[in-house]
>>> print(open('coords_14.cif').read())   # mmCIF, C-alpha atoms
data_data
loop_
_atom_site.label_atom_id
_atom_site.label_comp_id
_atom_site.auth_asym_id
_atom_site.auth_seq_id
_atom_site.Cartn_x
_atom_site.Cartn_y
_atom_site.Cartn_z
CA MET A 840 18.45 28.02 -25.59
CA SER A 841 19.94 25.88 -28.31
CA SER A 842 18.62 24.95 -31.71
CA VAL A 843 18.78 21.18 -31.38
CA SER A 844 15.67 19.21 -32.29
CA LEU A 845 13.64 16.79 -30.25
CA THR A 846 14.59 13.88 -32.50
CA TRP A 847 18.28 14.76 -32.23
CA LEU A 848 18.09 14.73 -28.42
CA ILE A 849 16.21 11.42 -28.28
CA GLY A 850 18.44 9.85 -30.94
CA VAL A 851 21.74 10.88 -29.38
CA SER A 852 20.66 9.74 -25.90
CA PHE A 853 19.35 6.49 -27.30
CA GLY A 854 22.65 5.79 -29.05
CA ALA A 855 24.83 6.78 -26.11
CA SER A 856 22.77 4.73 -23.69
CA ALA A 857 22.50 1.64 -25.92
CA LEU A 858 26.27 1.62 -26.47
CA GLY A 859 27.06 2.53 -22.86
CA GLY A 860 24.82 -0.24 -21.59
CA LEU A 861 26.83 -2.75 -23.60
CA LEU A 862 29.82 -2.24 -21.36
CA GLY A 863 27.97 -1.52 -18.16
CA MET A 864 28.76 2.18 -18.25
CA ALA A 865 26.35 4.95 -17.35
CA SER A 866 25.48 6.94 -20.45
CA GLY A 867 26.15 10.34 -18.82
CA ILE A 868 29.82 10.16 -19.63
CA PHE A 869 28.92 10.19 -23.36
CA ILE A 870 25.74 12.26 -23.28
CA VAL A 871 27.12 15.31 -21.48
CA PRO A 872 30.09 15.93 -23.84
CA ILE A 873 27.91 15.24 -26.91
CA LEU A 874 25.24 17.71 -25.76
CA ILE A 875 27.92 20.34 -25.07
CA LEU A 876 30.21 19.78 -28.07
CA PHE A 877 27.72 18.94 -30.81
CA GLY A 878 24.46 20.34 -29.44
CA GLY A 879 25.91 23.63 -28.24
CA ILE A 880 23.98 23.19 -25.00
CA ASP A 881 25.18 25.01 -21.87
CA ILE A 882 27.10 22.67 -19.56
CA ARG A 883 24.72 23.28 -16.62
CA LEU A 884 21.68 22.30 -18.68
CA ALA A 885 23.54 19.29 -20.11
CA VAL A 886 24.50 18.14 -16.60
CA GLY A 887 20.92 18.57 -15.35
CA ALA A 888 19.45 16.64 -18.26
CA SER A 889 22.02 13.89 -17.92
CA LEU A 890 21.33 13.49 -14.19
CA VAL A 891 17.65 12.81 -14.90
CA SER A 892 18.63 10.14 -17.43
CA VAL A 893 21.14 8.65 -14.96
CA ILE A 894 18.30 8.32 -12.41
CA ALA A 895 15.96 6.79 -15.00
CA CYS A 896 18.52 4.21 -16.13
CA SER A 897 19.44 3.32 -12.53
CA CYS A 898 15.79 2.83 -11.55
CA ALA A 899 15.03 0.88 -14.73
CA SER A 900 17.81 -1.65 -14.24
CA ALA A 901 17.70 -1.91 -10.42
CA PRO A 902 14.66 -4.27 -10.22
CA GLY A 903 16.48 -7.01 -12.16
CA PHE A 904 19.50 -6.88 -9.86
CA LEU A 905 17.27 -6.79 -6.76
CA ARG A 906 15.31 -9.83 -7.91
CA ASN A 907 18.59 -11.73 -8.46
CA GLY A 908 19.66 -10.88 -4.91
CA LEU A 909 22.82 -9.16 -6.16
CA THR A 910 22.17 -5.72 -4.62
CA ASN A 911 23.47 -5.26 -1.07
CA ILE A 912 20.92 -2.71 0.14
CA ARG A 913 22.41 -2.31 3.63
CA LEU A 914 25.81 -1.49 2.23
CA ALA A 915 24.06 0.79 -0.27
CA ILE A 916 22.27 2.88 2.38
CA LEU A 917 25.54 3.29 4.31
CA LEU A 918 27.49 4.42 1.22
CA GLU A 919 24.60 6.63 0.08
CA THR A 920 25.18 8.89 3.11
CA ALA A 921 28.58 9.64 1.55
CA THR A 922 27.44 9.88 -2.10
CA THR A 923 24.48 12.18 -1.34
CA PHE A 924 26.68 14.34 0.92
CA GLY A 925 29.20 14.56 -1.91
CA ALA A 926 26.42 15.41 -4.37
CA THR A 927 25.11 18.22 -2.13
CA CYS A 928 28.63 19.66 -1.86
CA GLY A 929 28.86 19.35 -5.65
CA VAL A 930 25.68 21.42 -6.04
CA LEU A 931 27.24 24.17 -3.91
CA LEU A 932 30.56 23.98 -5.80
CA ALA A 933 29.01 23.88 -9.29
CA GLY A 934 28.13 27.56 -9.11
CA TRP A 935 31.69 28.53 -8.20
CA ILE A 936 33.77 26.52 -10.63
CA ALA A 937 34.46 28.15 -14.00
CA VAL A 938 33.02 26.33 -17.00
CA LYS A 939 36.53 25.97 -18.47
CA VAL A 940 37.65 24.13 -15.35
CA LEU A 941 34.60 21.83 -15.49
CA TYR A 942 35.56 20.94 -19.08
CA VAL A 943 39.08 20.02 -17.97
CA ILE A 944 37.78 17.92 -15.04
CA PHE A 945 35.42 16.18 -17.45
CA ALA A 946 38.27 15.49 -19.87
CA ALA A 947 40.31 13.98 -17.02
CA VAL A 948 37.39 11.70 -16.10
CA LEU A 949 37.10 10.58 -19.75
CA PHE A 950 40.83 9.74 -19.92
CA VAL A 951 40.79 7.83 -16.62
CA SER A 952 37.70 5.91 -17.81
CA ALA A 953 39.53 4.98 -21.02
CA TYR A 954 42.45 3.74 -18.92
CA GLN A 955 40.15 1.72 -16.64
CA MET A 956 38.39 0.19 -19.62
CA GLN A 957 41.71 -0.86 -21.05
CA ALA A 958 42.87 -2.31 -17.70
CA ARG A 959 39.57 -4.24 -17.34
CA ARG A 960 38.21 -5.50 -14.05
CA LYS A 961 39.19 -8.90 -12.78
CA GLU A 962 37.56 -11.00 -10.10
CA ARG A 963 40.00 -11.73 -7.29
CA ALA A 964 40.34 -15.45 -6.76
CA THR A 965 40.69 -14.96 -3.00
CA SER A 966 37.72 -12.57 -2.98
CA ALA A 967 37.36 -10.93 0.42
CA GLN A 968 38.25 -13.85 2.65
CA GLY A 969 41.90 -12.92 3.18
CA PRO A 970 43.69 -12.42 6.52
CA THR A 971 43.62 -8.59 6.19
CA GLN A 972 39.90 -8.56 7.07
CA PRO A 973 38.72 -6.47 10.03
CA PRO A 974 37.77 -8.43 13.16
CA ALA A 975 34.55 -10.39 12.96
CA GLN A 976 32.85 -8.46 15.76
CA ALA A 977 33.10 -5.14 13.91
CA TRP A 978 29.81 -3.45 13.11
CA SER A 979 30.58 -3.62 9.40
CA ARG A 980 30.07 -7.42 9.56
CA LYS A 981 26.35 -6.67 9.44
CA LEU A 982 27.00 -5.60 5.87
CA ASP A 983 28.32 -8.99 4.82
CA SER A 984 25.94 -10.94 2.67
CA SER A 985 25.70 -13.62 0.02
CA TYR A 986 24.40 -14.06 -3.50
CA PHE A 987 23.59 -16.95 -5.77
CA ASP A 988 26.01 -17.15 -8.68
CA ALA A 989 24.13 -18.44 -11.73
CA VAL A 990 27.35 -19.42 -13.54
CA LEU A 991 28.96 -21.30 -10.66
CA GLN A 992 25.54 -22.59 -9.51
CA LYS A 993 26.25 -21.94 -5.85
CA GLN A 994 25.71 -19.50 -3.03
CA ILE A 995 28.69 -17.16 -2.61
CA ASP A 996 29.26 -15.57 0.81
CA TYR A 997 31.24 -12.37 0.86
CA ARG A 998 32.59 -9.91 3.39
CA VAL A 999 32.82 -6.18 3.03
CA GLY A 1000 36.36 -4.72 3.18
CA ASN A 1001 37.61 -1.26 4.11
CA VAL A 1002 34.41 0.74 4.76
CA GLY A 1003 36.22 3.98 5.71
CA LEU A 1004 38.13 4.21 2.45
CA GLY A 1005 35.00 3.16 0.57
CA LEU A 1006 33.03 6.03 2.13
CA GLY A 1007 35.76 8.53 1.22
CA LEU A 1008 35.83 7.45 -2.43
CA MET A 1009 32.02 7.44 -2.55
CA TYR A 1010 31.97 11.04 -1.31
CA GLY A 1011 34.19 11.91 -4.27
CA ALA A 1012 31.93 9.94 -6.61
CA GLY A 1013 28.88 11.91 -5.42
CA LEU A 1014 30.74 15.19 -5.88
CA LEU A 1015 31.82 14.33 -9.44
CA SER A 1016 28.32 13.09 -10.26
CA ALA A 1017 26.75 16.43 -9.25
CA LEU A 1018 29.40 18.52 -11.03
CA LEU A 1019 29.49 16.56 -14.28
CA GLY A 1020 26.13 14.77 -14.51
CA ILE A 1021 27.71 11.34 -14.66
CA GLY A 1022 27.37 8.06 -12.78
CA SER A 1023 31.00 8.35 -11.62
CA GLY A 1024 32.06 4.79 -12.40
CA VAL A 1025 35.56 6.25 -12.43
CA LEU A 1026 35.61 6.47 -8.61
CA LYS A 1027 33.03 3.81 -7.82
CA ILE A 1028 35.00 1.05 -9.48
CA PRO A 1029 38.09 1.53 -7.24
CA ALA A 1030 35.80 2.10 -4.24
CA MET A 1031 33.86 -1.12 -4.73
CA ASP A 1032 36.66 -3.35 -6.06
CA THR A 1033 39.75 -2.16 -4.22
CA ALA A 1034 38.47 -0.67 -0.95
CA LEU A 1035 35.35 -2.75 -0.25
CA ARG A 1036 36.61 -5.83 -2.14
CA LEU A 1037 33.20 -6.94 -3.33
CA PRO A 1038 32.50 -9.57 -5.98
CA ILE A 1039 32.06 -7.77 -9.33
CA LYS A 1040 28.38 -8.71 -9.74
CA VAL A 1041 27.50 -7.40 -6.28
CA SER A 1042 29.59 -4.30 -6.90
CA SER A 1043 27.86 -3.48 -10.23
CA ALA A 1044 24.38 -4.10 -8.85
CA THR A 1045 24.97 -2.10 -5.66
CA SER A 1046 26.59 0.90 -7.34
CA ASN A 1047 23.83 0.97 -9.97
CA PHE A 1048 21.31 1.00 -7.13
CA MET A 1049 23.08 3.86 -5.32
CA ILE A 1050 23.48 6.17 -8.28
CA GLY A 1051 19.73 6.80 -8.39
CA VAL A 1052 19.50 8.62 -5.07
CA THR A 1053 22.94 10.19 -5.56
CA ALA A 1054 21.83 11.79 -8.82
CA ALA A 1055 18.43 12.66 -7.30
CA ALA A 1056 20.17 14.62 -4.51
CA SER A 1057 21.75 16.98 -7.05
CA ALA A 1058 19.00 16.79 -9.70
CA GLY A 1059 16.39 17.86 -7.12
CA ALA A 1060 18.46 20.92 -6.23
CA TYR A 1061 19.16 21.76 -9.89
CA PHE A 1062 15.47 21.38 -10.73
CA LEU A 1063 14.45 23.84 -8.01
CA ARG A 1064 17.28 26.15 -9.06
CA GLY A 1065 15.88 26.13 -12.62
CA ASP A 1066 18.81 24.30 -14.26
CA ILE A 1067 16.75 21.34 -15.45
CA HIS A 1068 14.78 22.21 -18.57
CA PRO A 1069 12.12 19.56 -19.28
CA ASP A 1070 12.39 20.22 -23.04
CA ILE A 1071 15.99 18.94 -22.89
CA ALA A 1072 15.86 16.60 -19.88
CA GLY A 1073 12.63 14.88 -21.03
CA PRO A 1074 13.83 13.69 -24.44
CA VAL A 1075 17.28 12.79 -23.05
CA ALA A 1076 15.71 10.64 -20.30
CA LEU A 1077 13.32 8.96 -22.74
CA GLY A 1078 16.08 8.19 -25.26
CA SER A 1079 18.34 6.86 -22.51
CA VAL A 1080 15.79 4.48 -21.04
CA LEU A 1081 14.92 3.08 -24.48
CA GLY A 1082 18.63 2.83 -25.32
CA ALA A 1083 19.39 1.00 -22.08
CA ILE A 1084 16.70 -1.60 -22.88
CA VAL A 1085 18.08 -2.19 -26.38
CA GLY A 1086 21.69 -2.16 -25.11
CA ALA A 1087 20.90 -4.91 -22.60
CA LYS A 1088 19.39 -7.06 -25.37
CA LEU A 1089 22.32 -6.51 -27.74
CA LEU A 1090 24.78 -7.32 -24.99
CA MET A 1091 24.52 -11.04 -25.61
CA ARG A 1092 25.30 -10.86 -29.32
CA LEU A 1093 28.32 -8.61 -29.72
CA SER A 1094 32.01 -9.32 -29.38
CA ASN A 1095 33.19 -7.61 -26.23
CA GLU A 1096 36.81 -7.15 -27.23
CA LYS A 1097 36.21 -5.03 -30.36
CA LEU A 1098 33.59 -3.03 -28.53
CA ARG A 1099 35.97 -2.23 -25.72
CA TRP A 1100 38.52 -0.72 -28.09
CA PHE A 1101 35.80 1.20 -29.90
CA PHE A 1102 34.81 2.73 -26.58
CA ILE A 1103 38.36 3.57 -25.56
CA VAL A 1104 38.77 5.49 -28.83
CA ILE A 1105 35.50 7.39 -28.30
CA LEU A 1106 36.35 8.24 -24.68
CA ILE A 1107 39.76 9.61 -25.71
CA ALA A 1108 38.31 11.52 -28.67
CA LEU A 1109 35.67 13.17 -26.46
CA GLY A 1110 38.33 13.91 -23.81
CA VAL A 1111 40.55 15.67 -26.38
CA GLN A 1112 37.57 17.69 -27.62
CA MET A 1113 36.66 18.73 -24.08
CA VAL A 1114 40.24 19.95 -23.52
CA LEU A 1115 40.07 21.90 -26.80
CA ALA A 1116 36.68 23.33 -25.83
CA SER A 1117 38.12 24.53 -22.51
CA VAL A 1118 40.42 26.85 -24.48
CA GLY A 1119 37.64 27.85 -26.85
CA ILE A 1120 38.31 25.53 -29.80
CA ARG A 1121 35.16 23.66 -30.89
CA PRO A 1122 35.59 21.75 -34.13
CA GLY A 1123 32.20 20.01 -34.07
CA ALA A 1124 30.03 22.83 -32.72
CA ARG A 1125 26.90 24.01 -34.44
CA MET C 118 18.96 -11.63 6.31
CA ARG C 119 19.56 -14.79 4.35
CA PRO C 120 17.66 -15.20 1.11
CA ASN C 121 14.91 -17.77 0.98
CA THR C 122 14.95 -20.57 -1.57
CA ASP C 123 13.97 -18.51 -4.59
CA GLY C 124 16.53 -15.83 -3.70
CA MET C 125 13.93 -13.13 -3.11
CA ARG C 126 14.16 -11.12 0.09
CA PRO C 127 11.01 -9.19 1.13
CA MET C 128 12.40 -5.64 1.13
CA GLU C 129 14.22 -6.26 -2.14
CA SER C 130 11.00 -7.41 -3.76
CA GLN C 131 9.12 -4.33 -2.53
CA LEU C 132 11.84 -2.00 -3.83
CA ALA C 133 11.93 -3.81 -7.18
CA HIS C 134 8.20 -3.25 -7.65
CA LEU C 135 8.42 0.39 -6.65
CA LEU C 136 11.28 1.14 -9.05
CA ASP C 137 9.67 -0.87 -11.85
CA TYR C 138 6.34 0.97 -11.74
CA GLY C 139 7.91 4.33 -10.96
CA THR C 140 10.24 4.24 -13.97
CA TRP C 141 7.37 3.20 -16.24
CA ILE C 142 5.10 5.98 -15.01
CA GLY C 143 7.80 8.66 -15.29
CA THR C 144 8.98 7.55 -18.73
CA LEU C 145 5.44 7.16 -20.03
CA LEU C 146 4.48 10.67 -18.87
CA ILE C 147 7.50 12.07 -20.72
CA ALA C 148 6.76 10.03 -23.85
CA VAL C 149 3.10 11.09 -23.98
CA GLY C 150 4.05 14.70 -23.27
CA LEU C 151 6.54 14.69 -26.14
CA VAL C 152 4.43 12.80 -28.68
CA TRP C 153 1.32 14.88 -27.98
CA PRO C 154 2.43 18.05 -29.81
CA ALA C 155 4.49 16.07 -32.35
CA ALA C 156 1.35 14.21 -33.41
CA GLY C 157 -0.47 17.52 -33.83
CA LEU C 158 -2.83 16.84 -30.97
CA ASN C 159 -3.72 20.28 -29.76
CA PHE C 160 -6.50 19.41 -27.38
CA GLY C 161 -6.49 18.42 -23.75
CA PRO C 162 -3.69 19.19 -21.28
CA ARG C 163 -0.74 21.23 -22.57
CA PRO C 164 2.28 19.05 -23.39
CA MET C 165 5.19 20.45 -21.36
CA PRO C 166 3.51 20.08 -17.96
CA LEU C 167 3.30 16.32 -18.63
CA VAL C 168 7.02 16.15 -19.45
CA THR C 169 7.82 18.21 -16.36
CA LEU C 170 5.68 15.90 -14.24
CA GLY C 171 7.51 12.87 -15.69
CA VAL C 172 10.88 14.45 -14.83
CA ILE C 173 9.67 15.16 -11.28
CA VAL C 174 8.47 11.55 -10.89
CA LEU C 175 11.89 10.26 -11.98
CA ILE C 176 13.79 12.59 -9.62
CA ALA C 177 11.48 11.74 -6.69
CA LEU C 178 11.57 7.97 -7.26
CA PRO C 179 14.95 7.18 -5.60
CA VAL C 180 14.02 9.42 -2.66
CA ILE C 181 10.75 7.48 -2.21
CA ARG C 182 12.87 4.34 -2.41
CA VAL C 183 14.92 5.55 0.60
CA LEU C 184 11.67 6.32 2.47
CA VAL C 185 10.47 2.76 1.87
CA MET C 186 13.81 1.44 3.13
CA LEU C 187 13.52 3.64 6.26
CA TRP C 188 10.05 2.24 6.93
CA ASN C 189 11.31 -1.33 6.51
CA PHE C 190 14.33 -0.84 8.78
CA VAL C 191 12.10 0.69 11.47
CA ARG C 192 9.74 -2.29 11.22
CA THR C 193 12.54 -4.86 11.49
CA HIS C 194 14.15 -2.88 14.38
CA GLU C 195 17.40 -2.38 12.47
CA ARG C 196 18.02 0.92 14.23
CA ARG C 197 21.39 1.74 12.74
CA PHE C 198 20.22 1.24 9.18
CA ALA C 199 17.04 3.23 9.88
CA LEU C 200 19.21 6.11 11.12
CA LEU C 201 21.38 5.88 8.01
CA ALA C 202 18.28 6.04 5.78
CA LEU C 203 17.07 9.04 7.76
CA LEU C 204 20.47 10.71 7.36
CA VAL C 205 20.29 10.23 3.57
CA LEU C 206 16.84 11.86 3.54
CA VAL C 207 18.11 14.79 5.64
CA ILE C 208 21.05 15.32 3.26
CA VAL C 209 18.72 15.25 0.24
CA ALA C 210 16.44 17.77 2.01
CA ILE C 211 19.42 20.07 2.62
CA GLY C 212 20.27 19.84 -1.09
CA LEU C 213 16.69 20.78 -1.99
CA ALA C 214 16.83 23.72 0.41
CA ILE C 215 20.01 24.92 -1.31
CA GLY C 216 18.23 24.61 -4.66
CA ILE C 217 15.31 26.73 -3.43
CA ALA C 218 17.62 29.33 -1.88
CA GLU C 219 19.59 29.71 -5.12
CA GLY C 220 16.57 29.42 -7.43
#
>>> encode(input="coords_14.cif", output="structure tokens")
Amino acid sequence: MSSVSLTWLIGVSFGASALGGLLGMASGIFIVPILILFGGIDIRLAVGASLVSVIACSCASAPGFLRNGLTNIRLAILLETATTFGATCGVLLAGWIAVKVLYVIFAAVLFVSAYQMQARRKERATSAQGPTQPPAQAWSRKLDSSYFDAVLQKQIDYRVGNVGLGLGLMYGAGLLSALLGIGSGVLKIPAMDTALRLPIKVSSATSNFMIGVTAAASAGAYFLRGDIHPDIAGPVALGSVLGAIVGAKLLMRLSNEKLRWFFIVILIALGVQMVLASVGIRPGAR
Amino acid sequence: MRPNTDGMRPMESQLAHLLDYGTWIGTLLIAVGLVWPAAGLNFGPRPMPLVTLGVIVLIALPVIRVLVMLWNFVRTHERRFALLALLVLVIVAIGLAIGIAEG
């Protein structure tokens, strides 16, 4: 067991979640490396604790998206078969992969996230109405839906793109989520934007909705396996939920551009530290 | 399933309520469990069981959400989506079984 205090755990999770919420990122990607690098907490316990906070943040923000009609729950249940399957495979794999290798995978995810943040998501003008759409009679047409765009003040109809590719990427997202205790935005963003070609608002709401059961699939197994310690997972979940609430409120007031670069720097710094930790160098460790 | 005028679809509204209350209950249990010993309150239930219960509520919440979706899809005769919800529950159950076997 580590020597970190209750206040440290709550504080760190609060900060990570408040800042993460500002750019629509799950806090796991910050919390796990911080718990490992600065808290000296075993990666398995850090992953378990982070998964509980990922679930809490997903469930806390889902009602708002549902009430705005942004969440596509039929598409979600379809993709959840892939994410939960990936998560279950991740649970099996987690015991086999060396900790060093997990560190390196985590570092890679941090670097790719930094790249994605720099590239920034853009709404396609042609949305998903192009000629490359599957035929209208396909079963996947049942997944098409619409939402009311508050900015444009009109109902937007959308169609769901390549479901097969989307399912494949979602399987990977579930796997990464179980191994690393993260929300896996890294794979969900290409899955939702590029493969399924959803409007960004629908994509964010739906992937936020899905991450709850995805993380629950692995967190349930880790809990029963004894890898979720309530004295770590409890404070981390509490801090994260409070942080997410504050982050959402701050969102309106801060300049996005500066914040983005701040995040890119943090993601890269944590990635470098995870690489160093994989070869046994830990500058910030207690 | 088109939205009605205020944009609220029935299953969505049910799920929103469930997740709202569930998150509050789970988080509150954890908060009380953590504050209890910190405030020097040494009577009543022991603190860690409350935190553990809160963690269990949070982990169970999305699974209950899938159960509610299954129930709704069965009621509206959306067979394919009901089967998908059932499949998700089966996969989660397999994960839990792995957890027990390795625990």
>>> interface_residues(input="coords_14.cif", of="chain A", to="chain C", cutoff="7 Å", atoms="all atoms listed in the file", output="compact mmCIF listing (two decimals) with C-alpha atoms, in the frame of the given file")
# COMPACT_ATOMS: atom_id res chain seq x y z
CA VAL A 891 17.65 12.81 -14.90
CA ILE A 894 18.30 8.32 -12.41
CA ALA A 895 15.96 6.79 -15.00
CA CYS A 898 15.79 2.83 -11.55
CA ALA A 899 15.03 0.88 -14.73
CA ALA A 901 17.70 -1.91 -10.42
CA PRO A 902 14.66 -4.27 -10.22
CA LEU A 905 17.27 -6.79 -6.76
CA ARG A 906 15.31 -9.83 -7.91
CA ASN A 907 18.59 -11.73 -8.46
CA GLY A 908 19.66 -10.88 -4.91
CA ARG A 913 22.41 -2.31 3.63
CA ILE A 916 22.27 2.88 2.38
CA LEU A 917 25.54 3.29 4.31
CA GLU A 919 24.60 6.63 0.08
CA THR A 920 25.18 8.89 3.11
CA THR A 923 24.48 12.18 -1.34
CA PHE A 924 26.68 14.34 0.92
CA THR A 927 25.11 18.22 -2.13
CA GLY A 1051 19.73 6.80 -8.39
CA VAL A 1052 19.50 8.62 -5.07
CA ALA A 1055 18.43 12.66 -7.30
CA ALA A 1056 20.17 14.62 -4.51
CA SER A 1057 21.75 16.98 -7.05
CA ALA A 1058 19.00 16.79 -9.70
CA GLY A 1059 16.39 17.86 -7.12
CA ALA A 1060 18.46 20.92 -6.23
CA TYR A 1061 19.16 21.76 -9.89
CA LEU A 1063 14.45 23.84 -8.01
CA ARG A 1064 17.28 26.15 -9.06
CA GLY A 1065 15.88 26.13 -12.62
CA PRO A 1069 12.12 19.56 -19.28
CA GLY A 1073 12.63 14.88 -21.03
CA LEU A 1077 13.32 8.96 -22.74
>>> resolve_selection(input="coords_14.cif", expression="the PyMOL selection byres ((chain A and resi 887) around 8)", output="PDB file with C-alpha atoms, in the coordinates of the input")
ATOM      1  CA  ARG A 883      24.720  23.280 -16.620  1.00  0.00           C
ATOM      2  CA  LEU A 884      21.680  22.300 -18.680  1.00  0.00           C
ATOM      3  CA  ALA A 885      23.540  19.290 -20.110  1.00  0.00           C
ATOM      4  CA  VAL A 886      24.500  18.140 -16.600  1.00  0.00           C
ATOM      5  CA  ALA A 888      19.450  16.640 -18.260  1.00  0.00           C
ATOM      6  CA  SER A 889      22.020  13.890 -17.920  1.00  0.00           C
ATOM      7  CA  LEU A 890      21.330  13.490 -14.190  1.00  0.00           C
ATOM      8  CA  VAL A 891      17.650  12.810 -14.900  1.00  0.00           C
ATOM      9  CA  GLY A1020      26.130  14.770 -14.510  1.00  0.00           C
ATOM     10  CA  ALA A1058      19.000  16.790  -9.700  1.00  0.00           C
ATOM     11  CA  TYR A1061      19.160  21.760  -9.890  1.00  0.00           C
ATOM     12  CA  PHE A1062      15.470  21.380 -10.730  1.00  0.00           C
ATOM     13  CA  ASP A1066      18.810  24.300 -14.260  1.00  0.00           C
ATOM     14  CA  ILE A1067      16.750  21.340 -15.450  1.00  0.00           C
ATOM     15  CA  HIS A1068      14.780  22.210 -18.570  1.00  0.00           C
ATOM     16  CA  ALA A1072      15.860  16.600 -19.880  1.00  0.00           C
TER      17      ALA A1072
END
>>> closest_residue(input="coords_14.cif", among="A:Ala958, A:Ala926, A:Ile944, A:Ala1044", to="Gly1011 in chain A", atoms="only C-alpha atoms")
A:Ala926
>>> residues_around(input="coords_14.cif", residues="Leu1014 in chain A", least_positions_apart="2", cutoff="12 Å", atoms="all atoms listed in the file", output="mmCIF file with C-alpha atoms, in the coordinates of the input")
data_model
loop_
_atom_site.group_PDB
_atom_site.id
_atom_site.type_symbol
_atom_site.label_atom_id
_atom_site.label_comp_id
_atom_site.auth_asym_id
_atom_site.auth_seq_id
_atom_site.Cartn_x
_atom_site.Cartn_y
_atom_site.Cartn_z
ATOM 1 C CA ALA A 921 28.580 9.640 1.550
ATOM 2 C CA THR A 922 27.440 9.880 -2.100
ATOM 3 C CA THR A 923 24.480 12.180 -1.340
ATOM 4 C CA PHE A 924 26.680 14.340 0.920
ATOM 5 C CA GLY A 925 29.200 14.560 -1.910
ATOM 6 C CA ALA A 926 26.420 15.410 -4.370
ATOM 7 C CA THR A 927 25.110 18.220 -2.130
ATOM 8 C CA CYS A 928 28.630 19.660 -1.860
ATOM 9 C CA GLY A 929 28.860 19.350 -5.650
ATOM 10 C CA VAL A 930 25.680 21.420 -6.040
ATOM 11 C CA LEU A 931 27.240 24.170 -3.910
ATOM 12 C CA LEU A 932 30.560 23.980 -5.800
ATOM 13 C CA ALA A 933 29.010 23.880 -9.290
ATOM 14 C CA ILE A 944 37.780 17.920 -15.040
ATOM 15 C CA GLY A 1007 35.760 8.530 1.220
ATOM 16 C CA LEU A 1008 35.830 7.450 -2.430
ATOM 17 C CA MET A 1009 32.020 7.440 -2.550
ATOM 18 C CA TYR A 1010 31.970 11.040 -1.310
ATOM 19 C CA GLY A 1011 34.190 11.910 -4.270
ATOM 20 C CA ALA A 1012 31.930 9.940 -6.610
ATOM 21 C CA SER A 1016 28.320 13.090 -10.260
ATOM 22 C CA ALA A 1017 26.750 16.430 -9.250
ATOM 23 C CA LEU A 1018 29.400 18.520 -11.030
ATOM 24 C CA LEU A 1019 29.490 16.560 -14.280
ATOM 25 C CA GLY A 1020 26.130 14.770 -14.510
ATOM 26 C CA ILE A 1021 27.710 11.340 -14.660
ATOM 27 C CA GLY A 1022 27.370 8.060 -12.780
ATOM 28 C CA SER A 1023 31.000 8.350 -11.620
ATOM 29 C CA LEU A 1026 35.610 6.470 -8.610
ATOM 30 C CA LYS A 1027 33.030 3.810 -7.820
ATOM 31 C CA ILE A 1050 23.480 6.170 -8.280
ATOM 32 C CA THR A 1053 22.940 10.190 -5.560
ATOM 33 C CA ALA A 1054 21.830 11.790 -8.820
ATOM 34 C CA ALA A 1056 20.170 14.620 -4.510
ATOM 35 C CA SER A 1057 21.750 16.980 -7.050
#
>>> resolve_selection(input="coords_14.cif", expression="the PyMOL selection byres ((chain A and resi 983-998) around 6)", output="count of residues only")
7
>>> residues_around(input="coords_14.cif", residues="Val1085 in chain A", least_positions_apart="3", cutoff="6 Å", atoms="only C-alpha atoms", output="PyMOL selection string")
chain A and resi 857+1082+1088
>>> atom_distance(input="coords_14.cif", atom1="CA of Asn1001 in chain A", atom2="CA of Ala1034 in chain A")
5.2 Å
>>> resolve_selection(input="coords_14.cif", expression="the PyMOL selection byres ((chain A and resi 1113) around 8)", output="tab-separated table (two decimals) with C-alpha atoms, in the frame of the given file")
chain	number	residue	atom	x	y	z
A	872	PRO	CA	30.09	15.93	-23.84
A	876	LEU	CA	30.21	19.78	-28.07
A	942	TYR	CA	35.56	20.94	-19.08
A	943	VAL	CA	39.08	20.02	-17.97
A	945	PHE	CA	35.42	16.18	-17.45
A	946	ALA	CA	38.27	15.49	-19.87
A	1109	LEU	CA	35.67	13.17	-26.46
A	1110	GLY	CA	38.33	13.91	-23.81
A	1111	VAL	CA	40.55	15.67	-26.38
A	1112	GLN	CA	37.57	17.69	-27.62
A	1114	VAL	CA	40.24	19.95	-23.52
A	1115	LEU	CA	40.07	21.90	-26.80
A	1116	ALA	CA	36.68	23.33	-25.83
A	1117	SER	CA	38.12	24.53	-22.51
>>> residues_near_point(input="coords_14.cif", point="(26.6, 9.9, -29.8)", cutoff="8 Å", atoms="all atoms listed in the file", output="ChimeraX atom specification")
/A:851-852,854-855,869-870,873
>>> atom_distance(input="coords_14.cif", atom1="CA of Gly903 in chain A", atom2="CA of Ser979 in chain A")
26.0 Å
>>> closest_residue(input="coords_14.cif", among="A:Gly859, A:Val843, A:Ile1028, A:Gly879", to="Lys1040 in chain A", atoms="only C-alpha atoms")
A:Ile1028
>>> atom_distance(input="coords_14.cif", atom1="CA of Gln957 in chain A", atom2="CA of Met1031 in chain A")
18.1 Å
>>> closest_residue(input="coords_14.cif", among="A:Glu1096, A:Leu918, A:Val1075, A:Arg1036", to="Leu874 in chain A", atoms="all atoms listed in the file")
A:Val1075
>>> closest_residue(input="coords_14.cif", among="A:Ile882, A:Ala953, A:Ser1042, A:Ser900", to="Gly934 in chain A", atoms="only C-alpha atoms")
A:Ile882
